[in-house]
Amino acid sequence: MSSNFNPEDLYRSMNFQSNDDDYSDSIDSYNVQAPLPIIGNTFGKQLPLKSHHIPQYHLNTMPTESSMQLLENDVNDLFNSIQAPDLDRTNLVGDEYDDEDGPTIDKDFDTSHLIENNITEKKTDEVLQDHFVVVDSIDRNIDKYPNPFSYKVYFNAFDSNDANITRNFDRVKSVKLESAVLPINYYFLKRSLTLDVSDYLTVRYLEDVSRNEFFNLSSTDISGSFAVIDVIDTLNDTVFTRCIKFAVETTYPTAITKVYETSFTFDADGESLPIDVHDSNTVYSANVYEYSVQTFNLMENKYNLLYVDEFSYANEYSTNEAVKQSFSIMFPDCKNTHVYYTTSKFNDKSYKFNNLGHINKMTISIRDPTGTQLKNSYENYLDLIVPRTKTCQCGTDSDGYFVRDYRCACSYFRHPFYHHFQNTMVFKIQAYEINIDKKIFN
Ligand SMILES: [Zn+2]
């Protein structure tokens with residue numbers, strides 16, 4: 001529409017006749033049957049405009065209101081004619097439509113005392129409001145959902161540790177996945193290695209105070225420079241277990257792709273650490289485990305699928321069974337170093353009200369094209385002893401160089417909140433809401 005467009009021009013050449021009945025207030029009821037725009041031969045000949053944009057009944061109507069009010073009513077009626085059938089509450093299934101938290105505006109409120117009364121005679125209007133909801137797997141409850149590709153988001157559930165959106169949504173017309181951010185490398189393996197004797201002595205003498213400090217190994221299986229992630233002693237009755245974790249030294253901010261873990265037990269001195277934890281009572285583990293991020297690239301899948309249990313069978317016309325059960329197809333779009341961005345612009349999803357009147361939770365599952373649940377490892381290899389801090393704890397030295405904390409969520413890929421394994425999704429929820437209907441112009 002050009003900036004020269006004047007909406008009043010629409011009415012100047014028309015031959016109006018009175019027909020007040022066509023202006024009955026159609027907003028007070030959800031069961032609106034507003035006049036449908038009529039695309040007729042006579043209409044098309046009289047106006048060189050797109051005929052379906054203007055309800056035909058105005059051609060025979062004498063304006064008893066200002067031209068601007070008339071236009072305003074037209075716009076509202078046009079919306080009503082499009083949206084009103086979906087607002088019919090009789091279509092709603094009781095269990096899925098919980099109206100307790102819905103808007104409860106008294107539509108008959110008294111406007112006579114207002115100093116500047118710019119509220120229209122209708123007083124209220126129903127608008128289709130867009131809400132953007134951003135969901136991040138880093139906010140999931142990791143005790144319930146260790147896998148970042150599978151978790152629940154609750155709406156308006158303040159007392160839980162789950163991912164939570166601060167409100168729920170009633171009268172929802174559609175939900176769409178606008179975009180998602182997914183990891184590129186997302187999978188790591190665990191395998192057992194051995195250390196040569198001299199290296200084994202090096203590792204088992206690492207102390208807790210040396211976290212983030214470096215040491216060298218030259219075993220057949222493991223060689224190079226390594227940094228201590230953590231040394232943690234856990235008391236179990238009369239025995240301590242010392243768990244030592246270390247990583248390949250990696251320049252910040254390059255992603256670390258290999259970390260190691262070994263543990264051994266030794267007798268406690270009462271409930272305290274013995275002065276020499278490496279005395280003759282010590283039983284040494286023979287195993288060192290290597291965890292290594294694989295180069296599998298999630299972006300190389302032709303697409304990935306988002307399942308949301310509450311909205312299953314959204315792509316119900318797909319020939320593919322896995323797609324048929326999904327909520328959205330996440331097509332790869334562009335990439336950053338560690339993540340890529342998806343688009344789903346081809347499948348905007350509208351739902352019938354009886355499927356989607358109310359949203360109070362979303363059970364999210366991200367899957368490959370065959371419908372197989374994605375996960376970060378064969379079994380759950382998360383390190384749950386690490387401090388569960390979501391934000392980066394790395395610092396800088398006195399010259400301003402970044403200094404990596406090797407157990408930080410930004411660096412340690414067994415951290416439950418490891419940044420490069422998380423996903424973020426942006427949903428657009430369209431819901432009907434009630435506004436006070438104000439005149440913008442006099
Ligand atoms: Zn960090």
# chains A, B, ... in the order shown; residues from 1 in each chain; ligands from 1

$ residues_around --residues "A:Ser292" --least-positions-apart "3" --cutoff "8 Å" --atoms "only C-alpha atoms" --output "ChimeraX atom specification"
/A:188-190,257-259

$ write_last_selection --atoms "C-alpha atoms" --output "PDB file, in the first residue's frame"
ATOM      1  CA  PHE A 188      30.582 -38.501  21.767  1.00  0.00           C
ATOM      2  CA  LEU A 189      31.915 -41.996  22.401  1.00  0.00           C
ATOM      3  CA  LYS A 190      33.354 -43.645  25.496  1.00  0.00           C
ATOM      4  CA  THR A 257      36.965 -32.826  21.836  1.00  0.00           C
ATOM      5  CA  LYS A 258      38.640 -35.288  24.224  1.00  0.00           C
ATOM      6  CA  VAL A 259      38.366 -35.705  27.981  1.00  0.00           C
TER       7      VAL A 259
END

$ closest_atom_pairs --of "chain A" --to "ligand 1" --cutoff "8 Å" --atoms "only C-alpha atoms and all ligand atoms" --output "CSV"
residue,atom,partner,partner_atom_place_in_ligand_line,distance
A:Thr391,CA,ligand 1,1 (Zn),7.2
A:Cys392,CA,ligand 1,1 (Zn),3.6
A:Gln393,CA,ligand 1,1 (Zn),4.6
A:Cys394,CA,ligand 1,1 (Zn),4.1
A:Gly395,CA,ligand 1,1 (Zn),7.7
A:Arg404,CA,ligand 1,1 (Zn),6.1
A:Asp405,CA,ligand 1,1 (Zn),5.9
A:Tyr406,CA,ligand 1,1 (Zn),7.7
A:Arg407,CA,ligand 1,1 (Zn),8.0
A:Cys408,CA,ligand 1,1 (Zn),4.7
A:Ala409,CA,ligand 1,1 (Zn),5.9
A:Cys410,CA,ligand 1,1 (Zn),4.3
A:Ser411,CA,ligand 1,1 (Zn),6.0

$ closest_residue --among "A:Asp233, A:Asp162, A:Glu310, A:Asp130" --to "A:Ser365" --atoms "only C-alpha atoms"
A:Glu310

$ closest_residue --among "A:Phe158, A:Phe246, A:Phe240, A:Tyr412" --to "A:Phe214" --atoms "only C-alpha atoms"
A:Phe246

$ residues_around --residues "stretch 134-150 of chain A" --least-positions-apart "4" --cutoff "7 Å" --atoms "only C-alpha atoms" --output "PDB file with N, CA and C atoms, in the first residue's frame"
ATOM      1  N   ASN A 161      11.243 -27.022  38.924  1.00  0.00           N
ATOM      2  CA  ASN A 161      12.599 -26.801  38.427  1.00  0.00           C
ATOM      3  C   ASN A 161      12.680 -27.020  36.917  1.00  0.00           C
ATOM      4  N   ASP A 162      11.539 -27.258  36.317  1.00  0.00           N
ATOM      5  CA  ASP A 162      11.524 -27.504  34.885  1.00  0.00           C
ATOM      6  C   ASP A 162      11.618 -26.199  34.122  1.00  0.00           C
ATOM      7  N   ALA A 163      11.956 -26.344  32.838  1.00  0.00           N
ATOM      8  CA  ALA A 163      11.892 -25.183  31.951  1.00  0.00           C
ATOM      9  C   ALA A 163      10.469 -24.636  32.013  1.00  0.00           C
ATOM     10  N   ILE A 364       8.978 -31.967  24.311  1.00  0.00           N
ATOM     11  CA  ILE A 364       9.805 -31.755  23.120  1.00  0.00           C
ATOM     12  C   ILE A 364      10.727 -32.937  22.883  1.00  0.00           C
ATOM     13  N   SER A 365      10.821 -33.325  21.636  1.00  0.00           N
ATOM     14  CA  SER A 365      11.724 -34.404  21.264  1.00  0.00           C
ATOM     15  C   SER A 365      12.266 -34.108  19.868  1.00  0.00           C
ATOM     16  N   ILE A 366      13.594 -34.054  19.751  1.00  0.00           N
ATOM     17  CA  ILE A 366      14.210 -33.766  18.463  1.00  0.00           C
ATOM     18  C   ILE A 366      14.776 -35.071  17.906  1.00  0.00           C
ATOM     19  N   LEU A 374      17.329 -38.275  18.938  1.00  0.00           N
ATOM     20  CA  LEU A 374      18.733 -37.878  19.009  1.00  0.00           C
ATOM     21  C   LEU A 374      19.196 -37.899  20.461  1.00  0.00           C
ATOM     22  N   LYS A 375      20.489 -38.175  20.649  1.00  0.00           N
ATOM     23  CA  LYS A 375      21.085 -38.105  21.986  1.00  0.00           C
ATOM     24  C   LYS A 375      22.576 -37.856  21.830  1.00  0.00           C
ATOM     25  N   PRO A 416      26.357 -31.171  32.087  1.00  0.00           N
ATOM     26  CA  PRO A 416      24.950 -31.286  31.648  1.00  0.00           C
ATOM     27  C   PRO A 416      24.440 -30.060  30.906  1.00  0.00           C
ATOM     28  N   PHE A 417      25.099 -28.921  31.087  1.00  0.00           N
ATOM     29  CA  PHE A 417      24.679 -27.703  30.388  1.00  0.00           C
ATOM     30  C   PHE A 417      25.705 -27.264  29.335  1.00  0.00           C
ATOM     31  N   GLN A 422      23.454 -27.715  23.384  1.00  0.00           N
ATOM     32  CA  GLN A 422      22.074 -27.306  23.689  1.00  0.00           C
ATOM     33  C   GLN A 422      21.351 -26.884  22.413  1.00  0.00           C
ATOM     34  N   ASN A 423      20.058 -26.817  22.513  1.00  0.00           N
ATOM     35  CA  ASN A 423      19.248 -26.330  21.398  1.00  0.00           C
ATOM     36  C   ASN A 423      18.347 -25.208  21.882  1.00  0.00           C
ATOM     37  N   THR A 424      18.019 -24.336  20.965  1.00  0.00           N
ATOM     38  CA  THR A 424      17.111 -23.222  21.251  1.00  0.00           C
ATOM     39  C   THR A 424      16.037 -23.219  20.178  1.00  0.00           C
ATOM     40  N   MET A 425      14.806 -23.007  20.585  1.00  0.00           N
ATOM     41  CA  MET A 425      13.720 -22.972  19.609  1.00  0.00           C
ATOM     42  C   MET A 425      12.848 -21.750  19.829  1.00  0.00           C
ATOM     43  N   VAL A 426      12.425 -21.167  18.733  1.00  0.00           N
ATOM     44  CA  VAL A 426      11.547 -19.997  18.787  1.00  0.00           C
ATOM     45  C   VAL A 426      10.202 -20.393  18.184  1.00  0.00           C
ATOM     46  N   PHE A 427       9.177 -20.348  19.012  1.00  0.00           N
ATOM     47  CA  PHE A 427       7.830 -20.666  18.551  1.00  0.00           C
ATOM     48  C   PHE A 427       7.021 -19.379  18.435  1.00  0.00           C
TER      49      PHE A 427
END

$ atom_distance --atom1 "atom CA of A:Phe421" --atom2 "atom CA of A:Asn185"
7.8 Å

$ select_by_dssp --residues "stretch 142-204 of chain A" --states "alpha helix (DSSP H)" --output "PyMOL selection string"
chain A and resi 197-204

$ write_last_selection --atoms "N, CA and C atoms" --output "PDB file, in the first residue's frame"
ATOM      1  N   VAL A 197      52.916 -47.274  32.947  1.00  0.00           N
ATOM      2  CA  VAL A 197      53.093 -47.196  34.397  1.00  0.00           C
ATOM      3  C   VAL A 197      53.516 -45.797  34.845  1.00  0.00           C
ATOM      4  N   SER A 198      54.466 -45.218  34.151  1.00  0.00           N
ATOM      5  CA  SER A 198      54.964 -43.898  34.599  1.00  0.00           C
ATOM      6  C   SER A 198      53.862 -42.850  34.483  1.00  0.00           C
ATOM      7  N   ASP A 199      53.069 -42.927  33.402  1.00  0.00           N
ATOM      8  CA  ASP A 199      51.964 -41.979  33.247  1.00  0.00           C
ATOM      9  C   ASP A 199      50.883 -42.211  34.297  1.00  0.00           C
ATOM     10  N   TYR A 200      50.723 -43.475  34.669  1.00  0.00           N
ATOM     11  CA  TYR A 200      49.706 -43.761  35.669  1.00  0.00           C
ATOM     12  C   TYR A 200      50.073 -43.130  37.010  1.00  0.00           C
ATOM     13  N   LEU A 201      51.335 -43.184  37.331  1.00  0.00           N
ATOM     14  CA  LEU A 201      51.778 -42.531  38.564  1.00  0.00           C
ATOM     15  C   LEU A 201      51.568 -41.023  38.482  1.00  0.00           C
ATOM     16  N   THR A 202      51.825 -40.450  37.329  1.00  0.00           N
ATOM     17  CA  THR A 202      51.612 -39.007  37.151  1.00  0.00           C
ATOM     18  C   THR A 202      50.160 -38.641  37.433  1.00  0.00           C
ATOM     19  N   VAL A 203      49.271 -39.408  36.832  1.00  0.00           N
ATOM     20  CA  VAL A 203      47.847 -39.077  36.951  1.00  0.00           C
ATOM     21  C   VAL A 203      47.356 -39.246  38.379  1.00  0.00           C
ATOM     22  N   ARG A 204      47.723 -40.342  39.017  1.00  0.00           N
ATOM     23  CA  ARG A 204      47.139 -40.591  40.336  1.00  0.00           C
ATOM     24  C   ARG A 204      47.695 -39.658  41.408  1.00  0.00           C
TER      25      ARG A 204
END

$ atom_distance --atom1 "atom CA of A:Ser263" --atom2 "atom CA of A:Asn236"
13.8 Å

$ atom_distance --atom1 "atom CA of A:Asp383" --atom2 "atom CA of A:Leu206"
19.2 Å

$ residues_around --residues "A:Arg211" --least-positions-apart "3" --cutoff "8 Å" --atoms "only C-alpha atoms" --output "MDAnalysis selection string"
chainID A and resid 207:208 227:231
